[in-house]
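Next comes my_file-v7.json, with JSON, C-alpha atoms and all ligand atoms.
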[["chain", "number", "residue", "atom", "x", "y", "z"],
["A", 570, "MET", "CA", -9.56, 43.89, -4.54],
["A", 571, "ALA", "CA", -5.87, 44.82, -4.86],
["A", 572, "GLN", "CA", -3.67, 42.48, -6.88],
["A", 573, "THR", "CA", 0.06, 42.30, -7.39],
["A", 574, "ALA", "CA", 1.45, 39.52, -9.49],
["A", 575, "ILE", "CA", 5.07, 38.50, -9.64],
["A", 576, "GLN", "CA", 5.93, 35.73, -11.97],
["A", 577, "ALA", "CA", 5.88, 32.70, -9.73],
["A", 578, "ILE", "CA", 3.90, 33.82, -6.68],
["A", 579, "ALA", "CA", 0.60, 35.63, -7.14],
["A", 580, "THR", "CA", -0.87, 37.51, -4.20],
["A", 581, "VAL", "CA", -4.44, 38.79, -4.06],
["A", 582, "ARG", "CA", -6.05, 40.77, -1.23],
["A", 583, "GLU", "CA", -9.67, 39.83, -0.64],
["A", 584, "GLY", "CA", -10.97, 41.90, 2.25],
["A", 585, "SER", "CA", -8.87, 40.97, 5.26],
["A", 586, "MET", "CA", -7.51, 37.84, 3.59],
["A", 587, "LEU", "CA", -4.25, 37.52, 1.65],
["A", 588, "ILE", "CA", -4.47, 34.74, -0.94],
["A", 589, "VAL", "CA", -1.04, 33.51, -2.00],
["A", 590, "THR", "CA", -0.92, 31.27, -5.08],
["A", 591, "PHE", "CA", 2.04, 29.12, -6.13],
["A", 592, "ASN", "CA", 2.09, 29.86, -9.83],
["A", 593, "ARG", "CA", 4.28, 27.55, -11.93],
["A", 594, "PRO", "CA", 1.55, 25.12, -12.98],
["A", 595, "GLU", "CA", 3.63, 23.59, -15.82],
["A", 596, "VAL", "CA", 5.83, 21.91, -13.16],
["A", 597, "LEU", "CA", 3.07, 21.42, -10.57],
["A", 598, "ASN", "CA", 4.28, 24.64, -8.86],
["A", 599, "ALA", "CA", 7.74, 23.24, -8.04],
["A", 600, "PHE", "CA", 9.85, 25.89, -6.32],
["A", 601, "ASN", "CA", 12.50, 27.88, -8.16],
["A", 602, "ASP", "CA", 14.43, 30.71, -6.47],
["A", 603, "GLU", "CA", 11.97, 33.35, -7.60],
["A", 604, "MET", "CA", 9.17, 31.46, -5.94],
["A", 605, "ILE", "CA", 11.12, 31.11, -2.69],
["A", 606, "ALA", "CA", 11.82, 34.86, -2.64],
["A", 607, "GLY", "CA", 8.21, 35.64, -3.64],
["A", 608, "LEU", "CA", 6.79, 33.56, -0.82],
["A", 609, "GLN", "CA", 9.11, 35.22, 1.70],
["A", 610, "ASP", "CA", 7.90, 38.61, 0.43],
["A", 611, "ALA", "CA", 4.24, 37.57, 0.63],
["A", 612, "ILE", "CA", 4.58, 36.51, 4.25],
["A", 613, "ARG", "CA", 6.42, 39.74, 5.05],
["A", 614, "GLN", "CA", 3.51, 41.61, 3.46],
["A", 615, "ALA", "CA", 1.11, 39.76, 5.76],
["A", 616, "GLU", "CA", 3.32, 40.59, 8.77],
["A", 617, "ARG", "CA", 3.43, 44.29, 7.97],
["A", 618, "ASP", "CA", -0.19, 44.86, 6.99],
["A", 619, "ALA", "CA", -2.40, 44.97, 10.07],
["A", 620, "ALA", "CA", -5.47, 44.77, 7.80],
["A", 621, "VAL", "CA", -4.44, 41.22, 6.76],
["A", 622, "ARG", "CA", -5.97, 38.86, 9.32],
["A", 623, "CYS", "CA", -5.68, 35.50, 7.56],
["A", 624, "VAL", "CA", -3.39, 34.06, 4.88],
["A", 625, "VAL", "CA", -4.30, 31.34, 2.38],
["A", 626, "LEU", "CA", -1.69, 29.32, 0.47],
["A", 627, "THR", "CA", -2.84, 27.47, -2.64],
["A", 628, "GLY", "CA", -1.61, 26.27, -6.03],
["A", 629, "ALA", "CA", -2.46, 27.18, -9.63],
["A", 630, "GLY", "CA", -3.47, 24.37, -11.99],
["A", 631, "ARG", "CA", -3.71, 20.70, -11.04],
["A", 632, "GLY", "CA", -1.03, 20.70, -8.33],
["A", 633, "PHE", "CA", -0.55, 22.34, -4.95],
["A", 634, "CYS", "CA", 3.26, 22.16, -5.01],
["A", 635, "ALA", "CA", 5.74, 19.46, -6.12],
["A", 636, "GLY", "CA", 8.55, 20.69, -3.86],
["A", 637, "GLN", "CA", 11.92, 21.94, -4.99],
["A", 638, "ASP", "CA", 12.30, 22.20, -8.78],
["A", 639, "LEU", "CA", 14.74, 19.37, -9.37],
["A", 640, "GLY", "CA", 15.78, 20.60, -12.83],
["A", 641, "VAL", "CA", 16.90, 23.90, -11.32],
["A", 642, "PHE", "CA", 18.71, 22.06, -8.57],
["A", 643, "LYS", "CA", 20.49, 19.64, -10.89],
["A", 644, "ALA", "CA", 21.65, 22.54, -13.06],
["A", 645, "ARG", "CA", 23.14, 24.24, -10.03],
["A", 646, "GLU", "CA", 25.00, 21.06, -9.07],
["A", 647, "ALA", "CA", 26.21, 20.62, -12.64],
["A", 648, "ALA", "CA", 27.49, 24.21, -12.61],
["A", 649, "GLY", "CA", 29.83, 23.17, -9.80],
["A", 650, "ALA", "CA", 28.05, 24.34, -6.65],
["A", 651, "GLY", "CA", 30.01, 22.53, -4.00],
["A", 652, "GLU", "CA", 29.85, 21.32, -0.43],
["A", 653, "GLY", "CA", 27.35, 23.16, 1.73],
["A", 654, "MET", "CA", 25.10, 24.11, -1.18],
["A", 655, "VAL", "CA", 22.06, 22.15, 0.03],
["A", 656, "ARG", "CA", 22.50, 23.30, 3.63],
["A", 657, "GLU", "CA", 22.70, 26.95, 2.57],
["A", 658, "HIS", "CA", 19.80, 26.59, 0.12],
["A", 659, "LEU", "CA", 17.65, 25.33, 2.99],
["A", 660, "ARG", "CA", 18.90, 27.80, 5.58],
["A", 661, "ALA", "CA", 18.45, 30.87, 3.37],
["A", 662, "GLY", "CA", 15.27, 29.68, 1.68],
["A", 663, "TYR", "CA", 12.76, 27.20, 3.06],
["A", 664, "ASN", "CA", 13.87, 27.50, 6.68],
["A", 665, "GLN", "CA", 13.25, 31.25, 6.62],
["A", 666, "ILE", "CA", 9.81, 30.63, 5.13],
["A", 667, "VAL", "CA", 8.90, 28.09, 7.83],
["A", 668, "LEU", "CA", 10.18, 30.40, 10.58],
["A", 669, "ARG", "CA", 8.13, 33.26, 9.18],
["A", 670, "MET", "CA", 5.02, 31.11, 8.75],
["A", 671, "ARG", "CA", 5.18, 29.84, 12.33],
["A", 672, "GLY", "CA", 6.13, 33.31, 13.58],
["A", 673, "LEU", "CA", 3.28, 35.09, 11.80],
["A", 674, "GLU", "CA", 0.73, 35.76, 14.52],
["A", 675, "LYS", "CA", -2.20, 35.34, 12.15],
["A", 676, "PRO", "CA", -3.78, 32.10, 10.91],
["A", 677, "ILE", "CA", -2.41, 30.49, 7.75],
["A", 678, "VAL", "CA", -4.64, 28.05, 5.84],
["A", 679, "ALA", "CA", -3.15, 25.70, 3.25],
["A", 680, "SER", "CA", -5.78, 25.07, 0.60],
["A", 681, "ILE", "CA", -4.51, 21.91, -1.06],
["A", 682, "ASN", "CA", -5.94, 21.73, -4.55],
["A", 683, "GLY", "CA", -3.84, 18.86, -5.93],
["A", 684, "ILE", "CA", -0.66, 16.95, -5.29],
["A", 685, "ALA", "CA", 1.56, 18.16, -2.45],
["A", 686, "ALA", "CA", 5.06, 16.66, -2.56],
["A", 687, "GLY", "CA", 8.47, 17.25, -1.00],
["A", 688, "VAL", "CA", 8.89, 20.65, 0.55],
["A", 689, "GLY", "CA", 5.49, 21.56, -0.92],
["A", 690, "LEU", "CA", 3.98, 19.18, 1.61],
["A", 691, "SER", "CA", 6.34, 20.49, 4.32],
["A", 692, "LEU", "CA", 5.01, 24.03, 3.83],
["A", 693, "ALA", "CA", 1.42, 22.79, 4.01],
["A", 694, "LEU", "CA", 2.35, 21.16, 7.34],
["A", 695, "ALA", "CA", 3.84, 24.43, 8.59],
["A", 696, "ALA", "CA", 0.49, 26.17, 8.00],
["A", 697, "ASP", "CA", -2.01, 26.25, 10.88],
["A", 698, "LEU", "CA", -4.88, 24.49, 9.13],
["A", 699, "ARG", "CA", -5.10, 22.32, 6.03],
["A", 700, "ILE", "CA", -8.20, 22.00, 3.85],
["A", 701, "ALA", "CA", -7.94, 19.74, 0.80],
["A", 702, "ALA", "CA", -9.85, 18.85, -2.35],
["A", 703, "ASP", "CA", -11.09, 15.25, -2.32],
["A", 704, "ASN", "CA", -8.82, 14.51, -5.31],
["A", 705, "ALA", "CA", -5.67, 15.94, -3.69],
["A", 706, "LEU", "CA", -2.69, 13.62, -3.17],
["A", 707, "PHE", "CA", 0.11, 13.70, -0.64],
["A", 708, "THR", "CA", 3.62, 12.25, -0.83],
["A", 709, "LEU", "CA", 6.79, 13.05, 1.07],
["A", 710, "GLY", "CA", 8.84, 12.11, -2.00],
["A", 711, "PHE", "CA", 12.19, 12.83, -0.35],
["A", 712, "SER", "CA", 13.20, 9.18, 0.07],
["A", 713, "LYS", "CA", 12.76, 8.63, -3.67],
["A", 714, "ILE", "CA", 15.63, 11.05, -4.25],
["A", 715, "GLY", "CA", 17.78, 9.89, -1.35],
["A", 716, "LEU", "CA", 16.90, 12.78, 0.98],
["A", 717, "ILE", "CA", 15.33, 13.32, 4.39],
["A", 718, "PRO", "CA", 12.06, 15.26, 4.90],
["A", 719, "ASP", "CA", 13.04, 18.92, 5.17],
["A", 720, "GLY", "CA", 11.32, 22.30, 5.42],
["A", 721, "GLY", "CA", 10.34, 21.31, 8.98],
["A", 722, "ALA", "CA", 8.66, 18.04, 7.95],
["A", 723, "SER", "CA", 11.09, 15.95, 10.02],
["A", 724, "PHE", "CA", 9.34, 17.21, 13.14],
["A", 725, "MET", "CA", 5.95, 18.50, 11.91],
["A", 726, "LEU", "CA", 5.10, 15.10, 10.44],
["A", 727, "PRO", "CA", 5.68, 13.03, 13.63],
["A", 728, "LEU", "CA", 3.90, 15.75, 15.61],
["A", 729, "LEU", "CA", 0.83, 15.54, 13.41],
["A", 730, "VAL", "CA", 0.56, 11.81, 12.69],
["A", 731, "GLY", "CA", 2.78, 10.09, 15.28],
["A", 732, "LEU", "CA", 6.19, 8.52, 14.86],
["A", 733, "GLY", "CA", 5.10, 5.17, 13.37],
["A", 734, "ARG", "CA", 2.98, 6.69, 10.61],
["A", 735, "ALA", "CA", 5.54, 9.41, 9.99],
["A", 736, "SER", "CA", 8.25, 6.76, 9.54],
["A", 737, "GLU", "CA", 6.09, 4.83, 7.07],
["A", 738, "LEU", "CA", 5.19, 7.94, 5.04],
["A", 739, "ALA", "CA", 8.79, 9.18, 5.02],
["A", 740, "PHE", "CA", 10.46, 5.86, 4.24],
["A", 741, "THR", "CA", 8.04, 4.70, 1.52],
["A", 742, "SER", "CA", 7.04, 8.07, -0.01],
["A", 743, "ASP", "CA", 3.75, 6.32, -0.79],
["A", 744, "ARG", "CA", 1.03, 8.54, -2.23],
["A", 745, "VAL", "CA", -1.84, 9.06, 0.19],
["A", 746, "ASP", "CA", -5.24, 10.34, -0.96],
["A", 747, "ALA", "CA", -7.18, 13.10, 0.81],
["A", 748, "GLN", "CA", -9.47, 10.72, 2.73],
["A", 749, "GLU", "CA", -6.48, 8.79, 4.07],
["A", 750, "ALA", "CA", -4.61, 12.01, 4.84],
["A", 751, "HIS", "CA", -7.63, 13.16, 6.83],
["A", 752, "ARG", "CA", -7.83, 9.84, 8.69],
["A", 753, "LEU", "CA", -4.12, 10.10, 9.55],
["A", 754, "GLY", "CA", -4.49, 13.63, 10.91],
["A", 755, "LEU", "CA", -2.33, 15.12, 8.18],
["A", 756, "ILE", "CA", -5.14, 17.51, 7.14],
["A", 757, "ASN", "CA", -8.12, 19.11, 8.90],
["A", 758, "ARG", "CA", -10.87, 19.01, 6.26],
["A", 759, "VAL", "CA", -11.70, 17.40, 2.92],
["A", 760, "VAL", "CA", -14.23, 18.93, 0.52],
["A", 761, "PRO", "CA", -15.35, 18.09, -3.04],
["A", 762, "ALA", "CA", -12.77, 19.52, -5.46],
["A", 763, "ALA", "CA", -15.28, 21.90, -7.05],
["A", 764, "ASP", "CA", -16.11, 23.38, -3.65],
["A", 765, "LEU", "CA", -12.53, 23.96, -2.48],
["A", 766, "PRO", "CA", -12.18, 27.65, -3.42],
["A", 767, "GLU", "CA", -15.45, 28.65, -1.76],
["A", 768, "ALA", "CA", -14.92, 26.38, 1.29],
["A", 769, "THR", "CA", -11.43, 27.84, 1.71],
["A", 770, "LEU", "CA", -12.68, 31.42, 1.53],
["A", 771, "ALA", "CA", -15.48, 30.66, 3.98],
["A", 772, "LEU", "CA", -12.99, 29.16, 6.46],
["A", 773, "ALA", "CA", -10.49, 31.99, 5.96],
["A", 774, "ARG", "CA", -13.22, 34.63, 6.25],
["A", 775, "ASP", "CA", -14.38, 33.10, 9.56],
["A", 776, "LEU", "CA", -10.81, 33.02, 10.89],
["A", 777, "ALA", "CA", -10.19, 36.60, 9.73],
["A", 778, "ALA", "CA", -13.26, 37.72, 11.67],
["A", 779, "MET", "CA", -12.00, 36.15, 14.91],
["A", 780, "PRO", "CA", -9.97, 38.10, 17.52],
["A", 781, "THR", "CA", -6.72, 38.08, 15.55],
["A", 782, "ARG", "CA", -4.54, 38.99, 18.51],
["A", 783, "ALA", "CA", -5.88, 36.03, 20.53],
["A", 784, "LEU", "CA", -5.37, 33.67, 17.59],
["A", 785, "GLY", "CA", -1.85, 34.98, 17.14],
["A", 786, "LEU", "CA", -1.06, 34.55, 20.82],
["A", 787, "THR", "CA", -2.54, 31.03, 20.69],
["A", 788, "LYS", "CA", -0.14, 30.27, 17.87],
["A", 789, "ARG", "CA", 2.71, 31.74, 19.90],
["A", 790, "ALA", "CA", 1.73, 29.54, 22.86],
["A", 791, "PHE", "CA", 1.50, 26.41, 20.68],
["A", 792, "ASN", "CA", 4.89, 27.20, 19.12],
["A", 793, "HIS", "CA", 6.38, 27.60, 22.58],
["A", 794, "ALA", "CA", 4.82, 24.34, 23.82],
["A", 795, "ILE", "CA", 5.45, 22.15, 20.80],
["A", 796, "LEU", "CA", 8.09, 23.82, 18.62],
["A", 797, "PRO", "CA", 10.27, 25.57, 21.22],
["A", 798, "ASP", "CA", 13.57, 25.23, 19.35],
["A", 799, "LEU", "CA", 12.27, 25.66, 15.84],
["A", 800, "ALA", "CA", 15.25, 27.61, 14.49],
["A", 801, "ALA", "CA", 17.73, 25.09, 15.91],
["A", 802, "TRP", "CA", 15.71, 22.10, 14.62],
["A", 803, "LEU", "CA", 15.52, 23.57, 11.14],
["A", 804, "ASP", "CA", 19.22, 24.20, 11.22],
["A", 805, "TYR", "CA", 19.93, 20.61, 12.21],
["A", 806, "GLU", "CA", 17.58, 19.32, 9.51],
["A", 807, "ALA", "CA", 19.49, 21.36, 6.93],
["A", 808, "HIS", "CA", 22.76, 20.00, 8.26],
["A", 809, "ILE", "CA", 21.76, 16.35, 7.88],
["A", 810, "GLN", "CA", 20.10, 17.03, 4.53],
["A", 811, "GLU", "CA", 23.50, 18.22, 3.37],
["A", 812, "THR", "CA", 24.90, 14.83, 4.40],
["A", 813, "ALA", "CA", 22.13, 12.98, 2.55],
["A", 814, "SER", "CA", 22.69, 15.13, -0.55],
["A", 815, "ARG", "CA", 26.26, 13.92, -0.86],
["A", 816, "THR", "CA", 25.24, 10.29, -1.40],
["A", 817, "GLN", "CA", 25.32, 8.40, -4.65],
["A", 818, "ASP", "CA", 21.67, 7.41, -4.08],
["A", 819, "HIS", "CA", 20.64, 11.09, -4.04],
["A", 820, "ARG", "CA", 22.34, 11.73, -7.36],
["A", 821, "GLU", "CA", 20.75, 8.60, -8.81],
["A", 822, "GLY", "CA", 17.27, 9.55, -7.50],
["A", 823, "VAL", "CA", 17.36, 13.02, -9.02],
["A", 824, "ALA", "CA", 18.79, 11.75, -12.32],
["A", 825, "ALA", "CA", 16.12, 9.03, -12.50],
["A", 826, "PHE", "CA", 13.30, 11.54, -11.90],
["A", 827, "LEU", "CA", 14.58, 13.93, -14.56],
["A", 828, "GLU", "CA", 15.20, 11.08, -17.02],
["A", 829, "LYS", "CA", 11.72, 9.65, -16.25],
["A", 830, "ARG", "CA", 13.02, 6.19, -15.35],
["A", 831, "PRO", "CA", 12.96, 4.06, -12.20],
["A", 832, "ALA", "CA", 15.87, 4.67, -9.83],
["A", 833, "THR", "CA", 18.31, 1.94, -8.82],
["A", 834, "PHE", "CA", 19.53, 2.60, -5.30],
["A", 835, "ARG", "CA", 22.68, 0.93, -4.00],
["A", 836, "GLY", "CA", 22.39, 1.99, -0.38],
["A", 837, "GLU", "CA", 25.34, 4.31, -0.56],
["B", 901, "LIG", "C1", 8.79, 18.72, -11.73],
["B", 901, "LIG", "C2", 8.79, 18.47, -10.36],
["B", 901, "LIG", "C3", 9.89, 18.90, -9.58],
["B", 901, "LIG", "C4", 10.82, 19.74, -11.55],
["B", 901, "LIG", "C5", 6.98, 17.67, -11.18],
["B", 901, "LIG", "N1", 10.88, 19.52, -10.22],
["B", 901, "LIG", "N2", 9.80, 19.35, -12.33],
["B", 901, "LIG", "C6", 15.76, 20.08, -0.55],
["B", 901, "LIG", "C7", 17.18, 20.06, -0.59],
["B", 901, "LIG", "C8", 17.92, 19.63, -1.70],
["B", 901, "LIG", "C9", 17.57, 19.35, -2.87],
["B", 901, "LIG", "C10", 16.31, 19.24, -3.38],
["B", 901, "LIG", "O1", 15.14, 19.67, -2.73],
["B", 901, "LIG", "C11", 14.85, 19.90, -1.46],
["B", 901, "LIG", "C12", 13.44, 19.99, -1.10],
["B", 901, "LIG", "C13", 12.50, 19.10, -1.85],
["B", 901, "LIG", "O2", 11.39, 19.48, -2.07],
["B", 901, "LIG", "S1", 13.05, 17.58, -2.32],
["B", 901, "LIG", "C14", 11.62, 16.87, -3.13],
["B", 901, "LIG", "C15", 11.44, 17.42, -4.53],
["B", 901, "LIG", "N3", 10.23, 16.94, -5.12],
["B", 901, "LIG", "C16", 10.09, 15.70, -5.56],
["B", 901, "LIG", "O3", 10.98, 14.87, -5.49],
["B", 901, "LIG", "C17", 8.80, 15.37, -6.28],
["B", 901, "LIG", "C18", 9.07, 15.17, -7.75],
["B", 901, "LIG", "N4", 7.84, 15.00, -8.47],
["B", 901, "LIG", "C19", 7.15, 13.86, -8.48],
["B", 901, "LIG", "O4", 7.51, 12.89, -7.86],
["B", 901, "LIG", "C20", 5.91, 13.84, -9.32],
["B", 901, "LIG", "O5", 6.01, 14.84, -10.31],
["B", 901, "LIG", "C21", 4.64, 14.06, -8.49],
["B", 901, "LIG", "C22", 4.43, 12.85, -7.57],
["B", 901, "LIG", "C23", 4.71, 15.34, -7.67],
["B", 901, "LIG", "C24", 3.42, 14.21, -9.46],
["B", 901, "LIG", "O6", 3.40, 13.13, -10.36],
["B", 901, "LIG", "P1", 2.46, 13.21, -11.65],
["B", 901, "LIG", "O7", 1.10, 13.65, -11.25],
["B", 901, "LIG", "O8", 2.62, 11.89, -12.35],
["B", 901, "LIG", "O9", 3.05, 14.40, -12.54],
["B", 901, "LIG", "P2", 4.41, 14.41, -13.41],
["B", 901, "LIG", "O10", 5.49, 13.69, -12.69],
["B", 901, "LIG", "O11", 4.10, 14.00, -14.82],
["B", 901, "LIG", "O12", 4.77, 15.97, -13.37],
["B", 901, "LIG", "C25", 4.16, 16.94, -14.27],
["B", 901, "LIG", "C26", 5.28, 17.84, -14.78],
["B", 901, "LIG", "O13", 5.85, 18.53, -13.69],
["B", 901, "LIG", "C27", 6.41, 17.01, -15.41],
["B", 901, "LIG", "O14", 6.98, 17.79, -16.44],
["B", 901, "LIG", "P3", 6.66, 17.41, -17.99],
["B", 901, "LIG", "O15", 7.48, 18.39, -18.75],
["B", 901, "LIG", "O16", 7.07, 15.99, -18.18],
["B", 901, "LIG", "O17", 5.17, 17.61, -18.13],
["B", 901, "LIG", "C28", 7.41, 16.91, -14.28],
["B", 901, "LIG", "O18", 8.73, 16.71, -14.73],
["B", 901, "LIG", "C29", 7.25, 18.27, -13.61],
["B", 901, "LIG", "N5", 7.65, 18.22, -12.20],
["B", 901, "LIG", "N6", 7.65, 17.80, -10.04],
["B", 901, "LIG", "N7", 9.95, 18.73, -8.26]]
Rewrite the coordinates I just gave you, this time as structure tokens.
Amino acid sequence: MAQTAIQAIATVREGSMLIVTFNRPEVLNAFNDEMIAGLQDAIRQAERDAAVRCVVLTGAGRGFCAGQDLGVFKAREAAGAGEGMVREHLRAGYNQIVLRMRGLEKPIVASINGIAAGVGLSLALAADLRIAADNALFTLGFSKIGLIPDGGASFMLPLLVGLGRASELAFTSDRVDAQEAHRLGLINRVVPAADLPEATLALARDLAAMPTRALGLTKRAFNHAILPDLAAWLDYEAHIQETASRTQDHREGVAAFLEKRPATFRGE
């Protein structure tokens, strides 16, 4: 077993599987820049290495991923990052990850060990299959900080659960448990929390033993049928997220989260 560990993303090779672990458990694996770069590198590694035939994404500790680290983001805003900052952050970061995940012609399994929120949930939706612990939780979270679902969630979510349910999940940011997520079609499988690592490896091992080229071409065909303009959609999503990020309600939502108090939105 070969292991390389960079601070915020840990990658482990197990046979023909590449296990990628989000590794900032103290903040429920919220994304900082190092983690964004580390995940891009991990997917590149899977692209380059023909011996990798399945990728698993999972989280260290009690969370899967809580989305963008809002403390990091607030600090950047406070340091005077101006107009276009959110758009560029998305374009250079999460959008590249989603494009690479969908473009990787090998199966990607999200193994959801705990809460998945914000762009953490978006990345789980960009994976091919989702297997979750029975105590995992799901929330879009974006509306609570005055934003739109990004990282591809604005189209992956309606594709997976339908427009009505997607609207409800996105508008309310209600937390959904694993059973409900399964019923909605948000995830493929639910297993007892204690069994998640082994159930994930068993699924990934089975996928890695399949004809990888055929699976990859299946993914290419699905992308072509259902996500034909992925790059342009992601770009548009980033553009309207930039608009949302300039609202007073966005600033209030982020401040309220960091100050651990309820937000008061004014609709502006
Ligand atoms: C966090 C975070 C976090 C920092 C938990 N950041 N510390 C796009 C464009 C522009 C700008 C921003 O971002 C994006 C993409 C996005 O992903 S936007 C969405 C960002 N994510 C969220 O809004 C979710 C924020 N987190 C939460 O709502 C809750 O933490 C959830 C529901 C995930 C979990 O709740 P709990 O289980 O009650 O845990 P907790 O809130 O107590 O969190 C545990 C710790 O993790 C806590 O730190 P502390 O020092 O008090 O123990 C949190 O502050 C920290 N944390 N999420 N995103």
query: ligand LIG 901 (chain B): which residues are within 8 Å, counting all atoms listed in the file, as a PyMOL selection string?
result: chain A and resi 594-600+632+634-642+655-656+658-659+684-689+708-711+713-714+716+718-720+744+807+810-811+814+823+826-827+829
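Proximity ranking of A:Leu738, A:Val759, A:Ala696, A:Ala777 relative to Met586 (chain A) places A:Ala777 first, based on only C-alpha atoms.
From CA of Ser691 (chain A) back to CA of Ala722 (chain A), the distance works out to 5.0 Å.
Each of A:Arg774, A:Lys643, A:Arg782, A:Arg734 was compared to Glu828 (chain A) using all atoms listed in the file, and A:Lys643 turns out to be the nearest.
A straight line drawn from CA of Ala629 (chain A) to CA of Val589 (chain A) is 10.0 Å long.
Distance check against Met654 (chain A) using only C-alpha atoms: of A:Thr812, A:Val621, A:Leu770, A:Ala747, the minimum falls on A:Thr812.
Of the listed residues A:Gly628, A:Gly715, A:Pro676, A:Pro780, the one whose atoms come nearest to Ile809 (chain A) is A:Gly715, with distances taken using only C-alpha atoms.
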